[in-house]
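K.L.:
Below is start23.txt; it holds compact mmCIF, C-alpha atoms (C1' of nucleotides).
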# COMPACT_ATOMS: atom_id res chain seq x y z
CA MET A 1 2.38 15.50 -85.59
CA THR A 2 5.31 17.74 -84.75
CA LEU A 3 5.27 21.50 -84.38
CA GLY A 4 7.16 21.87 -87.65
CA GLN A 5 4.63 19.75 -89.49
CA LYS A 6 1.82 21.74 -87.96
CA ILE A 7 3.32 25.06 -89.01
CA ARG A 8 3.87 23.86 -92.54
CA GLU A 9 0.34 22.54 -92.72
CA LEU A 10 -1.09 25.83 -91.51
CA ARG A 11 1.10 27.81 -93.87
CA GLU A 12 0.21 25.75 -96.91
CA ARG A 13 -3.45 25.68 -96.08
CA ASN A 14 -3.27 29.45 -96.17
CA GLN A 15 -1.26 29.44 -99.38
CA MET A 16 1.52 31.33 -97.81
CA LEU A 17 5.15 31.13 -98.87
CA GLN A 18 7.91 30.49 -96.35
CA ARG A 19 9.22 33.92 -97.26
CA GLU A 20 5.92 35.53 -96.35
CA LEU A 21 5.47 33.74 -93.06
CA ALA A 22 9.10 34.27 -92.20
CA SER A 23 8.69 37.98 -92.73
CA LYS A 24 5.60 38.09 -90.54
CA LEU A 25 7.59 36.34 -87.83
CA GLU A 26 10.52 38.61 -88.60
CA VAL A 27 12.99 35.81 -89.16
CA GLY A 28 14.92 34.63 -92.22
CA ASP A 29 13.30 32.10 -94.52
CA GLY A 30 16.17 29.67 -94.13
CA TYR A 31 15.39 29.59 -90.48
CA LEU A 32 11.70 28.96 -91.06
CA SER A 33 12.60 26.13 -93.37
CA LYS A 34 14.52 24.52 -90.57
CA ILE A 35 11.71 25.05 -88.14
CA GLU A 36 9.24 23.32 -90.42
CA ARG A 37 11.61 20.37 -90.60
CA ASP A 38 12.08 20.41 -86.81
CA GLN A 39 15.77 21.09 -87.15
CA LYS A 40 15.38 24.22 -85.08
CA ILE A 41 12.81 25.29 -82.59
CA LEU A 42 11.36 28.77 -82.57
CA LYS A 43 10.90 31.14 -79.71
CA ARG A 44 7.86 30.50 -77.62
CA GLU A 45 6.63 34.06 -78.20
CA HIS A 46 6.33 33.25 -81.89
CA LEU A 47 3.55 30.82 -81.06
CA LYS A 48 1.26 33.69 -80.18
CA THR A 49 1.90 35.29 -83.52
CA LEU A 50 1.22 32.01 -85.28
CA SER A 51 -1.99 31.45 -83.38
CA ILE A 52 -3.20 34.87 -84.46
CA ILE A 53 -2.12 34.57 -88.08
CA PHE A 54 -3.68 31.16 -88.51
CA LYS A 55 -6.50 31.48 -85.99
CA CYS A 56 -5.27 28.36 -84.29
CA PRO A 57 -5.63 27.68 -80.55
CA LEU A 58 -2.48 28.78 -78.75
CA LYS A 59 -2.74 25.88 -76.32
CA GLU A 60 -2.47 23.42 -79.17
CA LEU A 61 0.69 25.05 -80.50
CA GLU A 62 2.14 25.18 -77.02
CA ALA A 63 1.53 21.49 -76.43
CA LEU A 64 3.35 20.75 -79.68
CA TRP A 65 6.16 23.12 -78.76
CA ILE A 66 6.71 21.48 -75.38
CA ALA A 67 6.37 18.02 -76.91
CA THR A 68 9.11 18.86 -79.39
CA LYS A 69 11.42 19.80 -76.53
CA ILE A 70 10.66 16.54 -74.79
CA TYR A 71 11.15 14.60 -77.96
CA ASP A 72 14.54 16.21 -78.44
CA ILE A 73 15.59 14.76 -75.12
CA VAL A 74 14.38 11.23 -75.65
CA LYS A 75 14.69 10.68 -79.39
CA TYR A 76 17.92 8.74 -79.18
CA GLU A 77 17.15 7.06 -75.88
CA GLU A 78 16.41 3.39 -75.71
CA THR A 79 14.47 3.92 -72.53
CA GLY A 80 12.65 6.95 -73.87
CA LEU A 81 9.14 5.64 -73.42
CA GLU A 82 9.93 4.28 -70.00
CA ALA A 83 11.37 7.66 -68.99
CA LEU A 84 8.22 9.36 -70.24
CA ARG A 85 6.16 7.10 -68.07
CA VAL A 86 8.31 7.94 -65.04
CA ALA A 87 8.01 11.65 -65.77
CA GLU A 88 4.25 11.33 -65.96
CA GLU A 89 4.27 9.63 -62.59
CA GLN A 90 6.30 12.51 -61.18
CA ILE A 91 3.85 15.04 -62.56
CA ASN A 92 0.90 13.22 -61.10
CA TYR A 93 2.65 12.81 -57.80
CA ASN A 94 3.37 16.49 -57.52
CA LYS A 95 -0.11 17.38 -58.64
CA THR A 96 -1.51 15.30 -55.83
CA TYR A 97 0.79 16.58 -53.15
CA ALA A 98 1.29 20.07 -54.56
CA LYS A 99 4.93 20.06 -53.55
CA ILE A 100 5.87 22.95 -55.76
CA MET B 1 10.16 8.50 -57.48
CA THR B 2 12.74 10.99 -58.64
CA LEU B 3 16.42 10.37 -59.25
CA GLY B 4 17.29 12.34 -56.14
CA GLN B 5 14.96 10.28 -54.01
CA LYS B 6 16.40 7.12 -55.47
CA ILE B 7 19.96 8.14 -54.73
CA ARG B 8 19.12 9.06 -51.17
CA GLU B 9 17.30 5.79 -50.70
CA LEU B 10 20.24 3.79 -52.00
CA ARG B 11 22.69 5.77 -49.92
CA GLU B 12 20.72 5.36 -46.71
CA ARG B 13 20.04 1.71 -47.29
CA ASN B 14 23.81 1.32 -47.45
CA GLN B 15 24.31 3.45 -44.36
CA MET B 16 26.50 5.83 -46.20
CA LEU B 17 26.93 9.49 -45.37
CA GLN B 18 26.54 12.18 -48.01
CA ARG B 19 30.17 13.00 -47.41
CA GLU B 20 31.21 9.47 -48.22
CA LEU B 21 29.16 9.12 -51.35
CA ALA B 22 30.17 12.58 -52.48
CA SER B 23 33.80 11.64 -52.16
CA LYS B 24 33.28 8.46 -54.16
CA LEU B 25 31.68 10.56 -56.87
CA GLU B 26 34.40 13.13 -56.45
CA VAL B 27 32.06 16.03 -55.85
CA GLY B 28 31.41 18.26 -52.85
CA ASP B 29 28.83 17.19 -50.30
CA GLY B 30 26.85 20.38 -50.74
CA TYR B 31 26.39 19.42 -54.32
CA LEU B 32 25.25 15.92 -53.47
CA SER B 33 22.76 17.36 -51.04
CA LYS B 34 21.24 19.36 -53.86
CA ILE B 35 21.17 16.36 -56.12
CA GLU B 36 19.26 14.32 -53.59
CA ARG B 37 16.73 17.14 -53.37
CA ASP B 38 16.54 17.38 -57.17
CA GLN B 39 17.81 20.93 -57.12
CA LYS B 40 20.67 19.92 -59.36
CA ILE B 41 21.13 17.09 -61.75
CA LEU B 42 24.35 15.13 -61.90
CA LYS B 43 26.42 14.15 -64.87
CA ARG B 44 25.19 11.14 -66.70
CA GLU B 45 28.55 9.45 -66.29
CA HIS B 46 27.99 9.45 -62.54
CA LEU B 47 25.12 7.04 -63.03
CA LYS B 48 27.54 4.29 -63.94
CA THR B 49 29.47 4.87 -60.75
CA LEU B 50 26.25 4.80 -58.74
CA SER B 51 25.08 1.61 -60.38
CA ILE B 52 28.37 -0.05 -59.45
CA ILE B 53 28.49 1.26 -55.89
CA PHE B 54 24.92 0.26 -55.15
CA LYS B 55 24.63 -2.71 -57.49
CA CYS B 56 21.61 -1.10 -59.07
CA PRO B 57 20.63 -1.56 -62.73
CA LEU B 58 22.04 1.29 -64.81
CA LYS B 59 18.96 1.34 -67.02
CA GLU B 60 16.78 2.13 -64.06
CA LEU B 61 18.95 5.08 -63.04
CA GLU B 62 19.05 6.30 -66.61
CA ALA B 63 15.28 6.22 -66.92
CA LEU B 64 15.04 8.32 -63.77
CA TRP B 65 17.73 10.67 -65.02
CA ILE B 66 15.94 11.27 -68.32
CA ALA B 67 12.60 11.55 -66.56
CA THR B 68 14.00 14.26 -64.33
CA LYS B 69 15.05 16.22 -67.38
CA ILE B 70 11.61 15.87 -68.88
CA TYR B 71 9.99 16.82 -65.64
CA ASP B 72 12.11 19.96 -65.49
CA ILE B 73 10.59 21.02 -68.79
CA VAL B 74 6.97 20.38 -67.96
CA LYS B 75 6.73 20.99 -64.25
CA TYR B 76 5.29 24.47 -64.56
CA GLU B 77 3.27 23.75 -67.70
CA GLU B 78 -0.47 23.57 -67.57
CA THR B 79 -0.46 21.37 -70.64
CA GLY B 80 2.36 19.20 -69.36
CA LEU B 81 0.54 15.91 -69.48
CA GLU B 82 -0.93 16.67 -72.89
CA ALA B 83 2.54 17.53 -74.18
CA LEU B 84 3.85 14.25 -72.80
CA ARG B 85 1.16 12.43 -74.70
CA VAL B 86 2.09 14.22 -77.91
CA ALA B 87 5.77 13.42 -77.39
CA GLU B 88 4.91 9.76 -76.92
CA GLU B 89 3.01 9.84 -80.17
CA GLN B 90 6.04 11.32 -81.90
CA ILE B 91 8.27 8.60 -80.51
CA ASN B 92 5.94 5.88 -81.63
CA TYR B 93 5.57 7.46 -85.04
CA ASN B 94 9.30 7.59 -85.57
CA LYS B 95 9.74 4.10 -84.25
CA THR B 96 7.29 2.86 -86.81
CA TYR B 97 8.71 4.75 -89.73
CA ALA B 98 12.33 4.80 -88.58
CA LYS B 99 12.81 8.33 -89.75
CA ILE B 100 15.95 8.89 -87.80
C1' DT C 1 14.86 29.97 -116.18
C1' DA C 2 12.71 31.76 -112.29
C1' DT C 3 10.87 30.82 -107.91
C1' DA C 4 10.68 28.26 -103.62
C1' DT C 5 12.93 25.56 -100.50
C1' DT C 6 16.81 23.26 -98.28
C1' DT C 7 21.32 22.86 -96.51
C1' DG C 8 25.73 23.81 -94.34
C1' DA C 9 28.67 26.73 -92.22
C1' DC C 10 28.85 30.13 -89.30
C1' DC C 11 27.86 33.48 -85.44
C1' DT C 12 26.68 35.76 -80.81
C1' DA C 13 23.97 35.88 -76.75
C1' DA C 14 21.73 33.57 -73.30
C1' DT C 15 21.11 29.70 -70.59
C1' DT C 16 22.31 25.56 -68.28
C1' DA C 17 25.72 22.42 -66.40
C1' DA C 18 28.46 21.34 -62.98
C1' DG C 19 30.16 22.50 -59.57
C1' DT C 20 32.51 25.17 -54.85
C1' DC C 21 32.43 27.18 -50.40
C1' DA C 22 31.06 29.15 -46.20
C1' DA C 23 27.45 30.04 -43.26
C1' DG C 24 23.27 28.27 -41.33
C1' DT C 25 20.08 24.69 -39.55
C1' DC C 26 18.78 20.77 -36.93
C1' DA C 27 19.06 16.75 -33.85
C1' DA C 28 21.42 14.17 -30.68
C1' DT C 29 24.59 14.12 -26.96
C1' DA C 30 28.24 14.93 -23.57
C1' DT D 1 23.86 24.17 -22.74
C1' DA D 2 27.51 23.98 -25.81
C1' DT D 3 29.24 21.00 -29.07
C1' DT D 4 29.35 18.02 -32.68
C1' DG D 5 28.14 15.80 -36.88
C1' DA D 6 25.13 15.57 -40.82
C1' DC D 7 22.87 18.06 -43.88
C1' DT D 8 20.97 22.32 -46.29
C1' DT D 9 21.13 26.69 -48.38
C1' DG D 10 22.53 30.81 -50.94
C1' DA D 11 25.68 33.16 -53.47
C1' DC D 12 28.93 32.62 -56.64
C1' DT D 13 31.91 30.81 -60.69
C1' DT D 14 33.42 29.01 -65.14
C1' DA D 15 32.79 26.03 -68.97
C1' DA D 16 29.83 24.01 -72.14
C1' DT D 17 25.74 23.92 -74.57
C1' DT D 18 21.67 25.60 -76.66
C1' DA D 19 18.88 29.31 -78.54
C1' DG D 20 18.07 31.89 -82.10
C1' DG D 21 19.33 33.20 -85.67
C1' DT D 22 21.97 34.78 -90.81
C1' DC D 23 23.59 34.06 -95.42
C1' DA D 24 25.05 32.07 -99.63
C1' DA D 25 25.14 28.11 -102.26
C1' DA D 26 22.79 23.88 -103.69
C1' DT D 27 18.44 21.76 -104.99
C1' DA D 28 14.13 20.93 -106.30
C1' DT D 29 9.88 22.41 -108.84
C1' DA D 30 6.90 24.71 -112.12
If you took the structure in this file and wrote it as structure tokens, what would it be?

P.N.:
Amino acid sequence: MTLGQKIRELRERNQMLQRELASKLEVGDGYLSKIERDQKILKREHLKTLSIIFKCPLKELEALWIATKIYDIVKYEETGLEALRVAEEQINYNKTYAKI
Amino acid sequence: MTLGQKIRELRERNQMLQRELASKLEVGDGYLSKIERDQKILKREHLKTLSIIFKCPLKELEALWIATKIYDIVKYEETGLEALRVAEEQINYNKTYAKI
DNA sequence: TATATTTGACCTAATTAAGTCAAGTCAATA
DNA sequence: TATTGACTTGACTTAATTAGGTCAAATATA
């Protein structure tokens, strides 16, 4: 599940048109179309609006938003999964030693 | 292990000074210092040079390089690990269905 | 045909990349 | 203790990329 898929799902479940949601987010509908297809990524602040409109946990949307950014980095990488594993290791390391 | 740590390790194992390695990479030594401390990230092309100088597998350096980029995204995120998991799911999904 | 969505081309503003350089720190040493 | 050599840091720069869109035309879809 990508963020775009999630947004479309939420929108359709609420029988909302792209035009309507776009206007609530104050963006053009062409742009929303691209967001739902993960061709563009929206501003993080928009997530709050979405979570309110659709009564959906913000944390969930944020995890998808971050994941999309990560995916953008690794999607064409052969070693993508391996890199993910290394990154996880780095997170856990810094959690343990609180180096930040 | 981060890319910076790896580079420093390789450099020291080969008893090379920052100044020397920096000159091989054709960058300033201040810059290399930052790279070894993961304050800056070097150009991907430099990885090839490093792999030749230190006879180290390029793939390994690349995985670290990508991981560092990912880590930069999630390091301050509460939901970092969760997002990583979601990204992995997205990779596996697209591998399976070859949507790219 | 009308309505909804997608696409491509385009744009500007903001951010990140990819550094430099000089001053400062830190440890060993003459 | 003053000096030296290795490294670090902060402030700065410029070039490239990405963010965050718009709009009109093309395409579904009912």

K.L.:
If we draw a sphere of 12 Å around (15.9, 20.3, -85.7), which residues have at least one atom in it when counting all atoms listed in the file? Please report them as number ranges by chain.

P.N.:
A: 2-5, 31-42, 68-69, 71-73, 75; B: 100; D: 18-19

K.L.:
Taking only C-alpha atoms (C1' of nucleotides) into account, report as an MDAnalysis selection string which residues of chain C lie within 10 Å of chain A.

P.N.:
chainID C and resid 4:7

K.L.:
Put a box with edges along x, y and z around all the listed atoms of stretch 14-24 of chain B, pad it by 3 Å on each side, then give me its centre and sizes in Å, one decimal, as lines of an AutoDock Vina configuration file.

P.N.:
center_x = 28.8
center_y = 7.2
center_z = -49.3
size_x = 16.0
size_y = 17.7
size_z = 15.8

K.L.:
Quick check, in Å to one decimal: how far apart do atom CA of B:Glu60 and atom CA of A:Tyr97 lie?

P.N.:
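Computing the Euclidean distance for atom CA of B:Glu60 and atom CA of A:Tyr97 yields 24.2 Å.
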
K.L.:
Output the contact residues of chain D with respect to chain A at a cut-off of 10 Å, based on all atoms listed in the file, as a PyMOL selection string.

P.N.:
chain D and resi 19-23

K.L.:
Counting only C-alpha atoms, collect the residues of chain A whose closest atom lies at most 8 Å from chain B, and write them out as a list of chain:residue names.

P.N.:
A:Met1, A:Thr2, A:Lys59, A:Glu62, A:Ala63, A:Leu64, A:Ile66, A:Ala67, A:Thr68, A:Lys69, A:Ile70, A:Tyr71, A:Ile73, A:Val74, A:Lys75, A:Thr79, A:Gly80, A:Leu81, A:Glu82, A:Ala83, A:Leu84, A:Arg85, A:Val86, A:Ala87, A:Glu88, A:Glu89, A:Gln90, A:Ile91

K.L.:
Take chain B, lay it over chain A with a least-squares fit on all the Cα atoms in order, then hand it over as a tab-separated table (two decimals) with C-alpha atoms, keeping the file's coordinate frame.

P.N.:
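File produced: out_21.tsv:
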chain	number	residue	atom	x	y	z
B	1	MET	CA	2.43	15.50	-85.60
B	2	THR	CA	5.35	17.74	-84.77
B	3	LEU	CA	5.32	21.50	-84.39
B	4	GLY	CA	7.18	21.87	-87.66
B	5	GLN	CA	4.66	19.75	-89.50
B	6	LYS	CA	1.86	21.74	-87.96
B	7	ILE	CA	3.34	25.05	-89.01
B	8	ARG	CA	3.88	23.87	-92.55
B	9	GLU	CA	0.35	22.54	-92.70
B	10	LEU	CA	-1.10	25.82	-91.49
B	11	ARG	CA	1.08	27.81	-93.85
B	12	GLU	CA	0.16	25.74	-96.89
B	13	ARG	CA	-3.50	25.66	-96.05
B	14	ASN	CA	-3.32	29.44	-96.13
B	15	GLN	CA	-1.35	29.42	-99.37
B	16	MET	CA	1.44	31.33	-97.83
B	17	LEU	CA	5.06	31.15	-98.90
B	18	GLN	CA	7.84	30.52	-96.40
B	19	ARG	CA	9.14	33.94	-97.30
B	20	GLU	CA	5.87	35.55	-96.36
B	21	LEU	CA	5.44	33.77	-93.08
B	22	ALA	CA	9.08	34.31	-92.23
B	23	SER	CA	8.66	38.02	-92.75
B	24	LYS	CA	5.59	38.11	-90.54
B	25	LEU	CA	7.61	36.38	-87.85
B	26	GLU	CA	10.51	38.64	-88.61
B	27	VAL	CA	12.99	35.86	-89.21
B	28	GLY	CA	14.89	34.69	-92.28
B	29	ASP	CA	13.28	32.16	-94.57
B	30	GLY	CA	16.16	29.74	-94.18
B	31	TYR	CA	15.39	29.65	-90.53
B	32	LEU	CA	11.71	29.01	-91.09
B	33	SER	CA	12.60	26.19	-93.42
B	34	LYS	CA	14.54	24.56	-90.62
B	35	ILE	CA	11.72	25.08	-88.19
B	36	GLU	CA	9.25	23.35	-90.45
B	37	ARG	CA	11.65	20.41	-90.66
B	38	ASP	CA	12.11	20.42	-86.87
B	39	GLN	CA	15.80	21.13	-87.22
B	40	LYS	CA	15.38	24.24	-85.13
B	41	ILE	CA	12.82	25.27	-82.62
B	42	LEU	CA	11.37	28.76	-82.59
B	43	LYS	CA	10.91	31.13	-79.72
B	44	ARG	CA	7.89	30.49	-77.63
B	45	GLU	CA	6.69	34.03	-78.18
B	46	HIS	CA	6.35	33.25	-81.87
B	47	LEU	CA	3.58	30.82	-81.04
B	48	LYS	CA	1.29	33.68	-80.15
B	49	THR	CA	1.93	35.30	-83.49
B	50	LEU	CA	1.25	32.01	-85.26
B	51	SER	CA	-1.96	31.44	-83.36
B	52	ILE	CA	-3.18	34.88	-84.42
B	53	ILE	CA	-2.11	34.59	-88.05
B	54	PHE	CA	-3.67	31.17	-88.48
B	55	LYS	CA	-6.49	31.48	-85.96
B	56	CYS	CA	-5.24	28.35	-84.26
B	57	PRO	CA	-5.59	27.68	-80.52
B	58	LEU	CA	-2.43	28.76	-78.72
B	59	LYS	CA	-2.68	25.85	-76.30
B	60	GLU	CA	-2.43	23.40	-79.14
B	61	LEU	CA	0.74	25.03	-80.48
B	62	GLU	CA	2.20	25.16	-77.01
B	63	ALA	CA	1.58	21.47	-76.43
B	64	LEU	CA	3.40	20.72	-79.67
B	65	TRP	CA	6.21	23.10	-78.75
B	66	ILE	CA	6.76	21.44	-75.37
B	67	ALA	CA	6.42	18.00	-76.91
B	68	THR	CA	9.15	18.83	-79.38
B	69	LYS	CA	11.45	19.75	-76.53
B	70	ILE	CA	10.69	16.50	-74.78
B	71	TYR	CA	11.17	14.56	-77.94
B	72	ASP	CA	14.57	16.17	-78.43
B	73	ILE	CA	15.62	14.71	-75.09
B	74	VAL	CA	14.39	11.19	-75.63
B	75	LYS	CA	14.71	10.63	-79.34
B	76	TYR	CA	17.95	8.70	-79.13
B	77	GLU	CA	17.15	7.01	-75.82
B	78	GLU	CA	16.41	3.34	-75.68
B	79	THR	CA	14.45	3.87	-72.49
B	80	GLY	CA	12.64	6.90	-73.84
B	81	LEU	CA	9.14	5.62	-73.40
B	82	GLU	CA	9.90	4.26	-69.94
B	83	ALA	CA	11.35	7.63	-68.96
B	84	LEU	CA	8.21	9.34	-70.23
B	85	ARG	CA	6.15	7.08	-68.04
B	86	VAL	CA	8.27	7.92	-65.02
B	87	ALA	CA	7.99	11.64	-65.75
B	88	GLU	CA	4.22	11.32	-65.94
B	89	GLU	CA	4.24	9.63	-62.58
B	90	GLN	CA	6.27	12.50	-61.15
B	91	ILE	CA	3.82	15.03	-62.54
B	92	ASN	CA	0.87	13.21	-61.10
B	93	TYR	CA	2.61	12.81	-57.77
B	94	ASN	CA	3.32	16.51	-57.51
B	95	LYS	CA	-0.15	17.39	-58.65
B	96	THR	CA	-1.56	15.32	-55.86
B	97	TYR	CA	0.72	16.61	-53.16
B	98	ALA	CA	1.22	20.10	-54.57
B	99	LYS	CA	4.86	20.11	-53.64
B	100	ILE	CA	5.74	23.00	-55.84

K.L.:
What's the separation between atom CA of B:Ile7 and atom C1' of D:DT9, in Å to one decimal place?

P.N.:
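Separation between atom CA of B:Ile7 and atom C1' of D:DT9: 19.6 Å.
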
K.L.:
What is the atom C1' of C:DA28-atom CA of B:Ser23 distance in Å, reported with one decimal?

P.N.:
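Going from atom C1' of C:DA28 over to atom CA of B:Ser23 covers 24.9 Å.
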
K.L.:
Dump as a CSV table (one decimal) with C-alpha atoms (C1' of nucleotides), in the frame of the given file all residues having an atom at most 10 Å from (30.1, 29.6, -92.9), computed in the file's coordinates with all atoms listed in the file.

P.N.:
chain,number,residue,atom,x,y,z
C,8,DG,C1',25.7,23.8,-94.3
C,9,DA,C1',28.7,26.7,-92.2
C,10,DC,C1',28.8,30.1,-89.3
C,11,DC,C1',27.9,33.5,-85.4
D,22,DT,C1',22.0,34.8,-90.8
D,23,DC,C1',23.6,34.1,-95.4
D,24,DA,C1',25.0,32.1,-99.6

K.L.:
Compare B:Met16, B:Leu58, B:Ala22, B:Leu10 by their minimum atom-to-atom distance to B:Glu45, counting all atoms listed in the file, and give me the closest one.

P.N.:
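The answer is B:Leu58, which sits nearest to B:Glu45.
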
K.L.:
Extract, using only C-alpha atoms (C1' of nucleotides), all DNA, RNA and protein residues at most 10 Å from D:DG10, discarding same-chain residues fewer than 4 positions from it, and format them as a ChimeraX atom specification.

P.N.:
/C:22-24

K.L.:
Counting all atoms listed in the file, figure out which residue out of B:Glu20, B:Leu25, B:Arg8, B:Asn14 gets nearest to B:Lys55.

P.N.:
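Using all atoms listed in the file, B:Lys55 sits closest to B:Asn14.
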
K.L.:
Measuring between all atoms listed in the file, which one of A:Leu50, A:Thr96, A:Pro57, A:Arg13 shows the shortest distance to A:Glu26?

P.N.:
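Answer, going by the shortest atom-to-atom distance: A:Leu50.
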